[in-house]
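Single-structure report; data block below.
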Amino acid sequence: MIEMDQKEYSGFGSIERLKGILEGISPKKIFLVTGKRSYELSGAKEAMDTILQGYETSRFSDLHENPKIEDVEKGIEEFRKQDPDVVIAIGGGSAIDTAKLINLFAAQSCDARQCFSDMQMISSRPKPLIAIPTTSGSGSEATHFAVVYADGQKKSVAHEHVLPDAAIVDPALTMSLPKSITASTGIDALSQAIESYWCINSTEDSKELSRKSIRLIMDNLKSAVNNPSRESRAAMAEASNLAGKAINITKTTAPHAISYSFTTYYNIPHGHAVGLTLGKILEFNAGVTEEDCNDPRGAGHVRKSIEEICSILGAESPQSARELIESLMRSIGLETDLNKLEIVDVNVIVDNVNAERLGNNPRKLTKEDLRKMLNQ
């Protein structure tokens, strides 16, 4: 487990704390990584233009919604030209993950693809990194992970140097989020919190973070999507950060493992893709036996965790929990029917599951189990 070693600032107006952080670092040059459009639309640009006055700043925003290794390589080239003293990532999970990888790999003697293939080559500490999310879902500002797609396959890096040195979670930057992004990122946060709770690596600390996150999401996501207020936006920003902290301890499990193929082959946004199997996997995990249990604490421990998740959700059984999750998704505009999403060949999904994340699931999931689940 990577211990959290991060300064954290939260609440409306907390972006102003960036001034003090920068004064403490005294950088001459700043490398700013942002989304293409979210930087302006979120109101971040307006705030940052004032805060960054007097600093030599170069902005990198040439990245995809689901970041590719080529985005990281272009960013590294630009980073090395500028030779900055600090990196600021401001945007959704894609912008923050891209900034993490640019910052990490630019400090190494190996190139990005070599570093991916051999994490032992990563030795040098990168520049200070400040992460400022403009969505409430990825929790990337709180984790030592980063995700990128290479040759259509999802690649993940986990390293202590990836964790941002500081995180600023200002709900004001999420106030103008479109409904579709609020919905998808919100379900991503819910799935992170639930998956962390049942994960084979869960701890009492991670479960407490998950509990708080799940409750905040169930109480606020629907209103944040359909009738947003300062209160619901603040609650979702907090919930996302808590879920990020939970998976920073545990990692994710089957719904995330399965989701990447939905995104790669059917272009379904990440959070929506994760949600497509969240309820199904919850119900599946409830049927764990000692024979197919991945958790060394045993099937009884897993079943107890699933019962506790149902209780937190306000559901009487795993089946009603699944129905509750799927009903929530539909109420915020996320389709749950694979046929309506034109996912006609489930074998593409079954054959391209991320094995590492699947291994964290408390119940072993075979290809036949998954095929049956997706065909239901």
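We name chains A, B, ... following the order of the structure tokens; residues begin at 1 in each chain, and ligands are numbered from 1 as shown.
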
Which residues come within 12 Å of Ile249 in chain A, counting only C-alpha atoms, excluding same-chain residues fewer than 2 positions away, as a PyMOL selection string?
chain A and resi 1-4+142-145+158+160+192-193+195-197+199-210+242-247+251-252

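Distances to Ile90 in chain A were evaluated for A:Met121, A:Leu173, A:Ile69, A:Ala235 using only C-alpha atoms, and the minimum falls at A:Leu173.
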
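When CA of Gln319 in chain A is paired with CA of Lys280 in chain A, their separation reads 8.6 Å.
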
12 Å contact set for range 338-344 of chain A, only C-alpha atoms, chain neighbours under 4 positions out, as a list in words
Ser261, Phe262, Thr263, Tyr265, Tyr266, Asn267, Ile268, Pro269, His272, Ala273, Gly275, Leu276, Thr277, Leu334, Val348, Ile349, Met373, Leu374, Asn375 and Gln376 of chain A

Set the distance at 10 Å and use only C-alpha atoms: which residues neighbour Ile88 in chain A once local chain neighbours fewer than 3 positions away are removed? I'd like the list as an NGL selection string.
:A and (18 or 30-34 or 57 or 59 or 91 or 96 or 99-100 or 103 or 128-132 or 164 or 166-167)

Could you save those same residues with C-alpha atoms as a tab-separated table (two decimals), in the first residue's frame?
```tsv
chain	number	residue	atom	x	y	z
A	18	LEU	CA	-2.73	27.70	-5.51
A	30	ILE	CA	5.17	26.22	-15.08
A	31	PHE	CA	3.95	23.37	-17.30
A	32	LEU	CA	0.15	23.44	-17.42
A	33	VAL	CA	-1.77	20.37	-18.65
A	34	THR	CA	-5.47	20.89	-19.36
A	57	THR	CA	3.64	29.24	-18.30
A	59	ARG	CA	0.04	24.99	-21.74
A	91	GLY	CA	-9.20	18.98	-15.91
A	96	ILE	CA	-4.67	14.60	-14.77
A	99	ALA	CA	0.02	15.08	-16.69
A	100	LYS	CA	1.07	12.41	-14.19
A	103	ASN	CA	5.82	14.37	-15.44
A	128	PRO	CA	6.22	18.79	-8.08
A	129	LEU	CA	2.71	18.12	-9.43
A	130	ILE	CA	-0.48	19.95	-8.42
A	131	ALA	CA	-3.76	18.32	-9.51
A	132	ILE	CA	-7.01	20.30	-9.80
A	164	PRO	CA	0.31	14.45	-6.96
A	166	ALA	CA	-0.98	18.65	-3.83
A	167	ALA	CA	-4.66	18.37	-4.74
```

To one decimal place in Å, what is the distance between CA of Lys29 in chain A and CA of Tyr55 in chain A?
6.3 Å

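On the backbone of this structure, DSSP gives helix (DSSP H, G or I) within range 9-38 of chain A to Ser14, Ile15, Glu16, Arg17, Leu18, Lys19, Gly20, Ile21, Leu22, Glu23, Gly24, Ile25 and Ser38 of chain A.
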
Would you export the selected residues with C-alpha atoms as an mmCIF file, in the first residue's frame, please?
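result_0.cif, written as the output of this step:
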```cif
data_model
loop_
_atom_site.group_PDB
_atom_site.id
_atom_site.type_symbol
_atom_site.label_atom_id
_atom_site.label_comp_id
_atom_site.auth_asym_id
_atom_site.auth_seq_id
_atom_site.Cartn_x
_atom_site.Cartn_y
_atom_site.Cartn_z
ATOM 1 C CA SER A 14 -9.999 26.656 -2.820
ATOM 2 C CA ILE A 15 -8.319 27.218 -6.197
ATOM 3 C CA GLU A 16 -7.061 30.465 -4.663
ATOM 4 C CA ARG A 17 -4.834 28.339 -2.428
ATOM 5 C CA LEU A 18 -2.725 27.697 -5.513
ATOM 6 C CA LYS A 19 -1.141 31.139 -5.038
ATOM 7 C CA GLY A 20 0.371 30.105 -1.715
ATOM 8 C CA ILE A 21 1.483 26.708 -3.024
ATOM 9 C CA LEU A 22 3.352 28.357 -5.895
ATOM 10 C CA GLU A 23 4.914 30.956 -3.615
ATOM 11 C CA GLY A 24 6.291 28.075 -1.544
ATOM 12 C CA ILE A 25 7.828 26.434 -4.621
ATOM 13 C CA SER A 38 -12.972 22.059 -20.159
#
```

With distances taken over only C-alpha atoms, which of A:Lys364, A:Ala189, A:Ser138, A:Gly333 is nearest to Glu291 in chain A?
A:Lys364

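Proximity to Ile168 in chain A was assessed for A:Ala257, A:Cys310, A:Ala237, A:Val274 counting only C-alpha atoms; the smallest distance is recorded for A:Ala237.
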
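Among A:Gly152, A:Gly54, A:Pro318, A:Pro126, the residue with the shortest atom-to-atom distance to Phe79 in chain A, counting only C-alpha atoms, is A:Pro126.
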